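Enquirer: My questions will all concern the structure given below.
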Amino acid sequence: MIYWKYRIISIALLFVLILPGASKPQTTDAGIKCAESRINSNSVLRNTLITPHNPFDILNYKLEMNLYDNFLSPYPKTYYASETVTFVVDTALSSIHLNAVNTSLAIDSVLMAGTSFTHNADILNIQLDNTYMPGDTVNVKIYYHHLELNDLAIYIVYGFVFTCTPPEGARKWFPCVDHPSDKATLDLTAKVPSSVKLGSNGRLEDSVLTADTIYYHWVSRDPIATYLMVISGKVDYNLDIVKWYDPAYSNDTIPVRFYWNEGENTTKLANVEAKIIPMMSYYSGLFGAYPFEKNGFATLNQYFPWGGMENQTLISLCDDCWDEITVAHEFAHQWFGDLISPATWSDVWLNESFATYSEALWYEHIQDYNRYKQEINSQAAGYLAGNPGWPVYDSSWAEATPGTDTLYNYAIVYLKGSCVLHMLRYVIGDSLFFEVLHSYAADPGIKYKNAATADFIGKVNEVTGNDYSWFFNEWIYGPNQPKYQNVYEISGGDTSWTTHFTISQVQTNAGFFRMPVDLLINFSDGSDTVISVMNDSNDQEYYFESERQPSGVVFDPDNNIVLKTGTTTGISEKKEDLHPGEFRLEQNYPNPFNPSTRIRWQTAESGWQTLKVYNILGKEVAVPVNEYRPAGSYEIEFPAHSANGINLPSGVYFYQLKTGTHMSVKKMIVLK
């Protein structure tokens, strides 16, 4: 029988940790390769001068670029190009404005009878030949050239020409509306030497060889955000092509192009080429069929500033970065970021958090849920260690693009958002969660278009039939995370026992976090019980009656609320209840164990505490605790395997605790 009531209580407590999955944050996952290099880049962002409220909508960019000399020594940075911009008018207008950085691009002429233009303060202002009405489609042709400089957008180095432009660098290699909300198709023709292979977005319409020259013609049928438009070309590029057969259309195949450099690890490359087919099938099953006419990857050189970049249908990777999880991260962006692009930069977490979470999903697919959860716990630990105290969503980013160290903050935009998706899965359940992901990615209202955070929340509410605004208000729109100071008391005797548990949040840098919570009640006979409650007010009390004697309570035993700190203790473990010099090391639970076990102890004296683990030969294999601590009760989660180097095979082990003048040893068993 379970019942609860509410009142405010104040009890002096001693504390034990309640973070069973916490560990030292690791930096081996794919997301950090992307984030660290982005926030450490030398790119300078400007406030977006062209907002999503333009009176016109770009339909297509047609680029004709002469890149022939750029691939040949001495590798000049200048190239000449023409661009036809096709747009539809939304509000009557006689001029248009395009982003074009003055220090990168020189505008030579605009071909339209009666037109004039100015190019100042990184804005190309074109006076049209007429006043156009809503619904009119207009073409403007621009001749321009790139200046002789390195601008950290188009890289021309030693036989390589490639672009890397997020969030607002496309304006450095062609005039455009450089905002993610104005997506357009791309038609790109590049003149290059015959020794060059060059890839771009969409399909290869043709490649015409004339003497020593190739004209590559790439056409995208699907609209692209400007920061996802790409060129990747190199002298003597290697190219492999594999094909994925779309199960939804038995006769349809999607080519996957792999551009790679001589001298790279071909074993790793072969692994990725083999894994991309099942990865496409798996993600297509989760998110809807792969949405584009091609997929592709291109490794670049040491001048590429990032680990990976999710350009639509042609992903960029660093030199020899054929890493399966990096590929899983960037490939997931084809749905989250490319198929559905952010409405504004305030919504960038819909890109990076979803791709980071997809890393964990891929681990779950190729291994199991425990490996998925290990990845989520690691992400949570990384967030808790690096949290700058910002919310995931900041409305001001919609009007003024922040610096890259803020926009691509790893702890917030990648890790916290990914963990929020995990907690949403916990709150609404697997079936509804995966239905949400699929329905969101397949929604015709946003597919091949843009989505705001409110659109995703609306999809959650639509699929579940409930209003989960409260969840996103606390985890996405609000900063930080809950800090718990919980207490429980066990009373009774014989066959009548009561467990009284109080959940308290004590954070001062955030509001209250409403969440469902699991409580694991341990019984002296070893028959444990998990009870789920909704914690929807602070200092909330719960009473649980039983005929068996409880021995303790574990808060959130599976660490589903991964973004939290705090403590839980039993009142019987208050310091004043300890006798002078009292010391106790408890038997670990569970035992035998895999993948982890809890170790508890208490001491009445402050001092240096050391907990070491030895194998049966007496060799030290781990030191989980080695620090000064006050008197009190403690608990840790000890893993048989962790990312920080612990990897215990099956067998018998001993754990030894020393605190001041006391020492105790107990045996535990790892069973895999």
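Going through the structure tokens in order, the chains are called A, B, and so on, while each chain numbers its residues from 1 and the ligands are numbered from 1 in the order shown.
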Mind checking which residues fall within 6 Å of A:Ala81, counting only C-alpha atoms, ignoring those fewer than 2 positions away in the same chain, and posting them as a list in words?
Expert: Glu64, Met65, Tyr144 and His145 of chain A
Enquirer: List as a tab-separated table every residue of stretch 342-412 of chain A that is in contact with stretch 565-570 of chain A, defined as an atom at most 12 Å from one of its atoms (using only C-alpha atoms), together with the nearest atom pair and the distance in Å rounded to one decimal, sorted by chain and then rising number.
Expert:
```
residue	atom	partner	partner_atom	distance
A:Ala380	CA	A:Thr565	CA	10.7
A:Ala381	CA	A:Thr565	CA	10.3
A:Tyr383	CA	A:Thr565	CA	11.7
A:Leu384	CA	A:Thr565	CA	8.5
A:Ala385	CA	A:Thr565	CA	11.2
```
Enquirer: Mind checking which residues fall within 7 Å of A:His146, counting only C-alpha atoms, ignoring those fewer than 6 positions away in the same chain, and posting them as a PyMOL selection string?
Expert: chain A and resi 78-80+104-106+173
Enquirer: Could you take the residues named above and write them with C-alpha atoms, as a PDB file, in the first residue's frame?
Expert:
```pdb
ATOM      1  CA  THR A  78      41.140  34.087 -56.032  1.00  0.00           C
ATOM      2  CA  TYR A  79      38.468  32.547 -58.232  1.00  0.00           C
ATOM      3  CA  TYR A  80      35.837  34.016 -60.562  1.00  0.00           C
ATOM      4  CA  SER A 104      36.082  38.033 -49.007  1.00  0.00           C
ATOM      5  CA  LEU A 105      34.009  38.874 -52.075  1.00  0.00           C
ATOM      6  CA  ALA A 106      34.230  41.589 -54.729  1.00  0.00           C
ATOM      7  CA  TRP A 173      32.123  32.283 -50.850  1.00  0.00           C
TER       8      TRP A 173
END
```
Enquirer: Using only C-alpha atoms, which residues sit within 8 Å of A:Val436 once same-chain residues fewer than 6 positions away are excluded, as JSON, numbers by chain?
Expert: {"A": [459, 460, 463]}
Enquirer: May I have all residues of stretch 516-667 of chain A that DSSP, computed from the backbone, assigns to helix (DSSP H, G or I), given as an MDAnalysis selection string?
Expert: chainID A and resid 571:573 575:577
Enquirer: Emit the selected residues as a PDB file, in the first residue's frame, including C-alpha atoms.
Expert:
```
ATOM      1  CA  ILE A 571      17.599   9.511   9.669  1.00  0.00           C
ATOM      2  CA  SER A 572      19.063   6.619  11.601  1.00  0.00           C
ATOM      3  CA  GLU A 573      22.398   7.550  10.026  1.00  0.00           C
ATOM      4  CA  LYS A 575      25.894  11.925  13.016  1.00  0.00           C
ATOM      5  CA  GLU A 576      24.445  12.380  16.473  1.00  0.00           C
ATOM      6  CA  ASP A 577      23.250   8.763  16.356  1.00  0.00           C
TER       7      ASP A 577
END
```
Enquirer: Near A:Tyr61, counting only C-alpha atoms, which residues have an atom at most 6 Å away, once you skip same-chain residues fewer than 3 positions from it, shown as a PDB file with C-alpha atoms, in the first residue's frame?
Expert:
```pdb
ATOM      1  CA  THR A  84      21.938  33.389 -60.677  1.00  0.00           C
ATOM      2  CA  VAL A  85      19.664  33.969 -57.697  1.00  0.00           C
ATOM      3  CA  LEU A 186      21.634  24.531 -55.365  1.00  0.00           C
TER       4      LEU A 186
END
```
Enquirer: Tell me, as a list in words, which residues lie within 6 Å of A:Tyr143, counting only C-alpha atoms; anything in the same chain fewer than 6 positions away does not count.
Expert: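 Contacts, with the query itself left out: Ser82, Asp108 and Ser109 of chain A.
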Enquirer: Need the shell around A:Asp136: protein/DNA/RNA residues with any atom at most 6 Å away, counting only C-alpha atoms. Skip same-chain ones fewer than 2 positions apart. Format as a PyMOL selection string?
Expert: chain A and resi 88-89+133-134
Enquirer: Could you find all residues in stretch 480-638 of chain A that DSSP calls strand (DSSP E) from the backbone, and write them as a VMD selection string?
Expert: chain A and resid 483 to 493 496 to 503 515 to 523 529 to 535 540 to 546 550 to 555 565 to 570 583 to 585 596 to 603 607 to 615 620 to 629 632 to 638
Enquirer: Pull C-alpha atoms from the residues just selected and write them as a compact mmCIF listing (two decimals), in the first residue's frame.
Expert:
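Saved result, part-v1.txt, follows:
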```txt
# COMPACT_ATOMS: atom_id res chain seq x y z
CA LYS A 483 20.05 19.30 -6.33
CA TYR A 484 18.39 16.83 -4.00
CA GLN A 485 18.70 16.49 -0.23
CA ASN A 486 16.45 13.54 0.51
CA VAL A 487 15.84 11.77 3.79
CA TYR A 488 14.07 8.58 4.79
CA GLU A 489 13.07 7.02 8.09
CA ILE A 490 12.14 3.40 8.78
CA SER A 491 9.92 2.57 11.73
CA GLY A 492 7.81 -0.31 13.03
CA GLY A 493 8.43 -3.91 14.06
CA SER A 496 4.20 -3.87 10.35
CA TRP A 497 6.75 -1.44 8.93
CA THR A 498 6.56 2.09 7.54
CA THR A 499 9.10 3.75 5.28
CA HIS A 500 8.81 7.53 5.27
CA PHE A 501 10.66 9.20 2.35
CA THR A 502 10.94 12.96 1.78
CA ILE A 503 12.17 14.41 -1.55
CA MET A 515 9.81 14.63 -12.42
CA PRO A 516 8.60 11.06 -11.96
CA VAL A 517 10.99 9.22 -9.65
CA ASP A 518 11.75 5.57 -8.91
CA LEU A 519 12.48 4.57 -5.32
CA LEU A 520 14.17 1.23 -4.62
CA ILE A 521 13.23 -0.10 -1.19
CA ASN A 522 15.70 -2.68 0.09
CA PHE A 523 14.38 -5.33 2.49
CA THR A 529 10.88 -3.42 -4.55
CA VAL A 530 10.83 -0.44 -6.95
CA ILE A 531 8.04 2.09 -6.47
CA SER A 532 7.40 4.97 -8.90
CA VAL A 533 6.09 8.31 -7.65
CA MET A 534 5.55 11.76 -9.16
CA ASN A 535 7.60 14.44 -7.45
CA GLN A 540 7.16 16.11 -0.75
CA GLU A 541 6.57 13.16 1.60
CA TYR A 542 5.70 9.56 0.81
CA TYR A 543 4.78 6.72 3.19
CA PHE A 544 5.14 3.07 2.22
CA GLU A 545 3.81 0.25 4.40
CA SER A 546 5.11 -3.31 4.33
CA PRO A 550 13.02 -2.39 5.06
CA SER A 551 16.77 -1.90 5.31
CA GLY A 552 17.19 1.21 3.15
CA VAL A 553 15.96 3.28 0.19
CA VAL A 554 17.81 4.18 -3.02
CA PHE A 555 16.64 7.29 -4.86
CA THR A 565 23.32 16.25 -7.93
CA GLY A 566 22.57 15.73 -4.27
CA THR A 567 22.32 13.28 -1.42
CA THR A 568 20.03 10.77 0.26
CA THR A 569 20.29 9.50 3.80
CA GLY A 570 18.39 7.63 6.45
CA PHE A 583 32.84 2.62 11.94
CA ARG A 584 31.00 0.29 9.55
CA LEU A 585 31.74 -1.03 6.06
CA SER A 596 28.05 -2.20 -11.19
CA THR A 597 27.48 -2.48 -7.44
CA ARG A 598 26.90 -0.11 -4.52
CA ILE A 599 29.39 0.14 -1.65
CA ARG A 600 28.28 1.88 1.57
CA TRP A 601 30.08 2.81 4.76
CA GLN A 602 29.89 5.16 7.72
CA THR A 603 32.35 6.66 10.16
CA GLY A 607 39.76 12.38 8.14
CA TRP A 608 41.34 10.83 5.08
CA GLN A 609 39.26 8.04 3.57
CA THR A 610 40.72 5.52 1.14
CA LEU A 611 38.75 2.79 -0.62
CA LYS A 612 40.83 0.37 -2.69
CA VAL A 613 39.92 -2.73 -4.69
CA TYR A 614 42.29 -5.72 -5.00
CA ASN A 615 42.16 -8.85 -7.10
CA GLU A 620 45.48 -3.16 -6.52
CA VAL A 621 43.07 -2.72 -9.46
CA ALA A 622 41.12 0.43 -8.54
CA VAL A 623 41.04 3.29 -6.02
CA PRO A 624 37.45 4.61 -6.07
CA VAL A 625 37.96 6.96 -3.08
CA ASN A 626 41.08 8.71 -1.82
CA GLU A 627 40.28 12.06 -0.19
CA TYR A 628 39.54 13.92 3.02
CA ARG A 629 35.91 13.62 4.11
CA GLY A 632 29.11 10.63 7.94
CA SER A 633 27.52 7.97 5.79
CA TYR A 634 28.59 7.44 2.19
CA GLU A 635 27.71 5.42 -0.87
CA ILE A 636 29.38 4.98 -4.24
CA GLU A 637 28.48 3.13 -7.41
CA PHE A 638 31.44 0.95 -8.40
```
